[in-house]
file query-v7.txt (compact mmCIF, C-alpha atoms and all ligand atoms)
# COMPACT_ATOMS: atom_id res chain seq x y z
CA MET R 1 96.23 404.70 89.92
CA GLN R 2 94.90 408.22 90.08
CA VAL R 3 92.35 407.51 87.37
CA ARG R 4 91.15 404.38 89.15
CA LEU R 5 90.41 406.30 92.34
CA ILE R 6 88.26 408.78 90.47
CA GLU R 7 86.41 405.95 88.77
CA CYS R 8 85.19 404.39 92.00
CA TRP R 9 84.46 407.71 93.67
CA ARG R 10 80.93 408.04 95.00
CA PRO R 11 79.40 410.95 96.92
CA ILE R 12 79.33 410.17 100.63
CA VAL R 13 75.74 410.31 101.78
CA ALA R 14 74.17 409.30 105.06
CA VAL R 15 72.14 406.13 104.64
CA PRO R 16 69.89 404.98 107.48
CA LYS R 17 70.78 401.56 108.78
CA LYS R 18 67.20 400.42 109.28
CA LYS R 19 63.85 401.34 107.84
CA LYS R 20 61.84 403.61 110.12
CA SER R 21 58.78 401.75 111.36
CA LYS R 22 55.27 403.02 110.56
CA MET R 23 54.66 403.69 114.24
CA LYS R 24 57.85 405.74 114.56
CA SER R 25 57.08 408.02 111.63
CA ARG R 26 53.41 408.29 112.56
CA SER R 27 54.13 409.27 116.14
CA HIS R 28 56.71 411.75 114.91
CA ARG R 29 54.13 413.37 112.63
CA ALA R 30 51.44 413.25 115.30
CA ALA R 31 53.67 415.20 117.71
CA ALA R 32 54.70 417.80 115.12
CA TRP R 33 51.28 419.32 114.40
CA LYS R 34 50.81 420.27 118.05
CA LEU R 35 53.90 422.48 117.97
CA ASN R 36 52.31 425.21 115.85
CA ALA R 37 49.88 427.08 118.03
CA PRO R 38 46.96 428.73 116.20
CA ALA R 39 47.54 432.35 115.22
CA ARG R 40 45.92 434.79 117.67
CA SER R 41 45.53 438.53 117.85
CA THR R 42 43.49 440.85 120.02
CA CYS R 43 40.64 443.01 118.79
CA PRO R 44 41.42 446.75 119.16
CA ARG R 45 37.80 447.54 119.98
CA CYS R 46 36.69 444.84 122.46
CA GLY R 47 40.08 443.34 123.34
CA ASN R 48 38.97 439.77 122.78
CA ALA R 49 41.17 437.16 121.13
CA LYS R 50 40.53 436.68 117.43
CA THR R 51 42.24 435.26 114.38
CA PRO R 52 44.32 437.90 112.56
CA HIS R 53 43.03 439.47 109.31
CA THR R 54 39.47 438.41 110.05
CA VAL R 55 36.32 440.09 111.32
CA CYS R 56 36.09 439.99 115.12
CA PRO R 57 33.45 437.42 116.12
CA HIS R 58 32.69 439.29 119.37
CA CYS R 59 31.91 442.80 118.15
CA GLY R 60 31.80 442.26 114.37
CA THR R 61 34.37 444.89 113.43
CA TYR R 62 37.31 444.84 111.06
CA LYS R 63 39.88 447.66 110.76
CA GLY R 64 37.84 449.86 113.07
CA ARG R 65 34.46 449.66 111.29
CA VAL R 66 31.44 447.42 111.87
CA VAL R 67 31.26 444.82 109.13
CA ILE R 68 28.76 442.29 110.49
CA ASP R 69 25.95 442.66 112.98
CA VAL R 70 26.62 440.56 116.09
CA GLY R 71 23.94 440.22 118.75
ZN ZN A 1 36.03 442.81 118.83

call {"tool": "encode", "arguments": {"input": "query-v7.txt", "output": "structure tokens", "more": "lines below"}}
Ligand SMILES: [Zn+2]
result
Amino acid sequence: MQVRLIECWRPIVAVPKKKKSKMKSRSHRAAAWKLNAPARSTCPRCGNAKTPHTVCPHCGTYKGRVVIDVG
């Protein structure tokens, strides 16, 4: 009897009852990308918002020195 129980043992896993429709999964994915806001940091020289680890587009500086000539 004990052996028989082990024989028919299966791992209990959650199985969805119905297939998720294309619209459901698409709308789920469409809502997810909006959650991550773009990375922002402020420039220490001009104080404008810029993307981190990049040259500031407003004053053209990176790590305190002028890298590109802006305006
Ligand atoms: Zn700047």

call {"tool": "closest_atom_pairs", "arguments": {"input": "query-v7.txt", "of": "chain R", "to": "ligand ZN 1 (chain A)", "cutoff": "7 Å", "atoms": "only C-alpha atoms and all ligand atoms", "output": "tab-separated table"}}
result
residue	atom	partner	partner_atom	distance
R:Cys43	CA	A:ZN1	ZN	4.6
R:Pro44	CA	A:ZN1	ZN	6.7
R:Arg45	CA	A:ZN1	ZN	5.2
R:Cys46	CA	A:ZN1	ZN	4.2
R:Gly47	CA	A:ZN1	ZN	6.1
R:Asn48	CA	A:ZN1	ZN	5.8
R:Cys56	CA	A:ZN1	ZN	4.7
R:Pro57	CA	A:ZN1	ZN	6.6
R:His58	CA	A:ZN1	ZN	4.9
R:Cys59	CA	A:ZN1	ZN	4.2
R:Gly60	CA	A:ZN1	ZN	6.2
R:Thr61	CA	A:ZN1	ZN	6.0

call {"tool": "atom_distance", "arguments": {"input": "query-v7.txt", "atom1": "CA of Arg26 (chain R)", "atom2": "CA of Ala14 (chain R)"}}
result
22.1 Å

call {"tool": "atom_distance", "arguments": {"input": "query-v7.txt", "atom1": "CA of Arg29 (chain R)", "atom2": "CA of Pro16 (chain R)"}}
result
18.6 Å

call {"tool": "closest_residue", "arguments": {"input": "query-v7.txt", "among": "R:Met23, R:Ile68, R:Ala39, R:Ile12", "to": "Thr51 (chain R)", "atoms": "all atoms listed in the file"}}
result
R:Ala39

call {"tool": "atom_distance", "arguments": {"input": "query-v7.txt", "atom1": "CA of Pro38 (chain R)", "atom2": "CA of Thr54 (chain R)"}}
result
13.7 Å

call {"tool": "decode", "arguments": {"input": "query-v7.txt", "residues": "region 18-66 of chain R", "atoms": "N, CA and C atoms", "output": "tab-separated table (two decimals), in the first residue's frame"}}
result
chain	number	residue	atom	x	y	z
R	18	LYS	N	-7.93	28.34	-17.13
R	18	LYS	CA	-8.19	28.74	-18.52
R	18	LYS	C	-6.98	29.44	-19.10
R	19	LYS	N	-6.87	29.36	-20.40
R	19	LYS	CA	-5.78	30.05	-21.08
R	19	LYS	C	-6.02	31.56	-21.02
R	20	LYS	N	-4.94	32.29	-20.73
R	20	LYS	CA	-5.04	33.75	-20.67
R	20	LYS	C	-5.21	34.28	-22.09
R	21	SER	N	-6.19	35.13	-22.30
R	21	SER	CA	-6.44	35.64	-23.65
R	21	SER	C	-5.31	36.58	-24.09
R	22	LYS	N	-5.17	36.76	-25.38
R	22	LYS	CA	-4.13	37.64	-25.94
R	22	LYS	C	-4.28	39.05	-25.39
R	23	MET	N	-5.54	39.48	-25.31
R	23	MET	CA	-5.81	40.85	-24.86
R	23	MET	C	-5.40	41.04	-23.40
R	24	LYS	N	-5.66	40.02	-22.59
R	24	LYS	CA	-5.30	40.07	-21.16
R	24	LYS	C	-3.80	40.21	-20.97
R	25	SER	N	-3.03	39.35	-21.66
R	25	SER	CA	-1.58	39.39	-21.48
R	25	SER	C	-0.99	40.63	-22.11
R	26	ARG	N	-1.59	41.08	-23.21
R	26	ARG	CA	-1.07	42.28	-23.88
R	26	ARG	C	-1.31	43.53	-23.04
R	27	SER	N	-2.49	43.61	-22.45
R	27	SER	CA	-2.79	44.79	-21.63
R	27	SER	C	-1.96	44.78	-20.35
R	28	HIS	N	-1.67	43.58	-19.87
R	28	HIS	CA	-0.83	43.44	-18.68
R	28	HIS	C	0.57	43.95	-18.98
R	29	ARG	N	1.11	43.55	-20.15
R	29	ARG	CA	2.45	43.99	-20.55
R	29	ARG	C	2.47	45.48	-20.85
R	30	ALA	N	1.40	45.97	-21.45
R	30	ALA	CA	1.33	47.39	-21.82
R	30	ALA	C	1.33	48.28	-20.58
R	31	ALA	N	0.74	47.79	-19.49
R	31	ALA	CA	0.69	48.58	-18.26
R	31	ALA	C	2.00	48.52	-17.50
R	32	ALA	N	2.78	47.44	-17.70
R	32	ALA	CA	3.98	47.23	-16.90
R	32	ALA	C	5.11	48.18	-17.27
R	33	TRP	N	5.25	48.52	-18.55
R	33	TRP	CA	6.40	49.33	-18.96
R	33	TRP	C	6.28	50.75	-18.41
R	34	LYS	N	5.08	51.19	-18.12
R	34	LYS	CA	4.91	52.56	-17.62
R	34	LYS	C	5.39	52.71	-16.18
R	35	LEU	N	5.47	51.56	-15.47
R	35	LEU	CA	5.81	51.61	-14.05
R	35	LEU	C	7.24	52.10	-13.81
R	36	ASN	N	8.19	51.72	-14.72
R	36	ASN	CA	9.55	52.16	-14.50
R	36	ASN	C	9.74	53.56	-15.09
R	37	ALA	N	9.90	54.52	-14.22
R	37	ALA	CA	10.15	55.88	-14.66
R	37	ALA	C	11.60	55.98	-15.14
R	38	PRO	N	11.87	56.82	-16.14
R	38	PRO	CA	13.24	56.95	-16.62
R	38	PRO	C	14.17	57.49	-15.54
R	39	ALA	N	15.41	57.00	-15.54
R	39	ALA	CA	16.38	57.42	-14.53
R	39	ALA	C	16.74	58.89	-14.72
R	40	ARG	N	16.77	59.64	-13.61
R	40	ARG	CA	17.02	61.08	-13.67
R	40	ARG	C	18.02	61.45	-12.58
R	41	SER	N	18.88	62.38	-12.90
R	41	SER	CA	19.75	62.96	-11.89
R	41	SER	C	19.93	64.43	-12.23
R	42	THR	N	20.41	65.19	-11.26
R	42	THR	CA	20.59	66.62	-11.51
R	42	THR	C	22.07	66.93	-11.75
R	43	CYS	N	22.30	67.88	-12.64
R	43	CYS	CA	23.66	68.30	-12.95
R	43	CYS	C	24.22	69.13	-11.79
R	44	PRO	N	25.42	68.84	-11.31
R	44	PRO	CA	25.97	69.63	-10.20
R	44	PRO	C	26.35	71.06	-10.60
R	45	ARG	N	26.52	71.31	-11.89
R	45	ARG	CA	26.93	72.64	-12.31
R	45	ARG	C	25.74	73.55	-12.61
R	46	CYS	N	24.80	73.07	-13.46
R	46	CYS	CA	23.67	73.93	-13.83
R	46	CYS	C	22.38	73.54	-13.11
R	47	GLY	N	22.34	72.36	-12.48
R	47	GLY	CA	21.16	71.96	-11.72
R	47	GLY	C	20.02	71.42	-12.54
R	48	ASN	N	20.23	71.29	-13.84
R	48	ASN	CA	19.17	70.75	-14.70
R	48	ASN	C	19.10	69.23	-14.58
R	49	ALA	N	17.92	68.69	-14.96
R	49	ALA	CA	17.75	67.24	-14.94
R	49	ALA	C	18.49	66.63	-16.12
R	50	LYS	N	19.18	65.53	-15.84
R	50	LYS	CA	19.89	64.81	-16.90
R	50	LYS	C	19.90	63.33	-16.58
R	51	THR	N	20.24	62.53	-17.57
R	51	THR	CA	20.36	61.10	-17.34
R	51	THR	C	21.68	60.82	-16.64
R	52	PRO	N	21.69	59.94	-15.62
R	52	PRO	CA	22.93	59.69	-14.89
R	52	PRO	C	24.02	59.05	-15.74
R	53	HIS	N	25.26	59.32	-15.43
R	53	HIS	CA	26.46	58.79	-16.10
R	53	HIS	C	26.56	59.24	-17.55
R	54	THR	N	25.98	60.39	-17.84
R	54	THR	CA	26.09	60.94	-19.19
R	54	THR	C	26.48	62.41	-19.10
R	55	VAL	N	26.96	62.94	-20.22
R	55	VAL	CA	27.31	64.36	-20.30
R	55	VAL	C	26.02	65.18	-20.21
R	56	CYS	N	26.06	66.27	-19.46
R	56	CYS	CA	24.89	67.12	-19.30
R	56	CYS	C	24.57	67.81	-20.63
R	57	PRO	N	23.36	67.68	-21.13
R	57	PRO	CA	23.02	68.31	-22.41
R	57	PRO	C	22.86	69.83	-22.31
R	58	HIS	N	22.75	70.36	-21.10
R	58	HIS	CA	22.53	71.80	-20.93
R	58	HIS	C	23.83	72.59	-20.89
R	59	CYS	N	24.81	72.10	-20.12
R	59	CYS	CA	26.07	72.84	-20.03
R	59	CYS	C	27.25	72.06	-20.62
R	60	GLY	N	27.04	70.79	-20.99
R	60	GLY	CA	28.09	70.02	-21.64
R	60	GLY	C	29.21	69.57	-20.73
R	61	THR	N	28.92	69.37	-19.46
R	61	THR	CA	29.97	68.94	-18.53
R	61	THR	C	29.72	67.52	-18.05
R	62	TYR	N	30.80	66.86	-17.68
R	62	TYR	CA	30.70	65.55	-17.05
R	62	TYR	C	31.80	65.45	-16.00
R	63	LYS	N	31.42	65.10	-14.78
R	63	LYS	CA	32.34	64.99	-13.63
R	63	LYS	C	33.10	66.32	-13.44
R	64	GLY	N	32.40	67.42	-13.60
R	64	GLY	CA	32.99	68.70	-13.27
R	64	GLY	C	33.84	69.37	-14.36
R	65	ARG	N	34.02	68.68	-15.51
R	65	ARG	CA	34.81	69.34	-16.58
R	65	ARG	C	34.00	69.37	-17.87
R	66	VAL	N	34.28	70.38	-18.69
R	66	VAL	CA	33.55	70.58	-19.94
R	66	VAL	C	34.01	69.54	-20.95
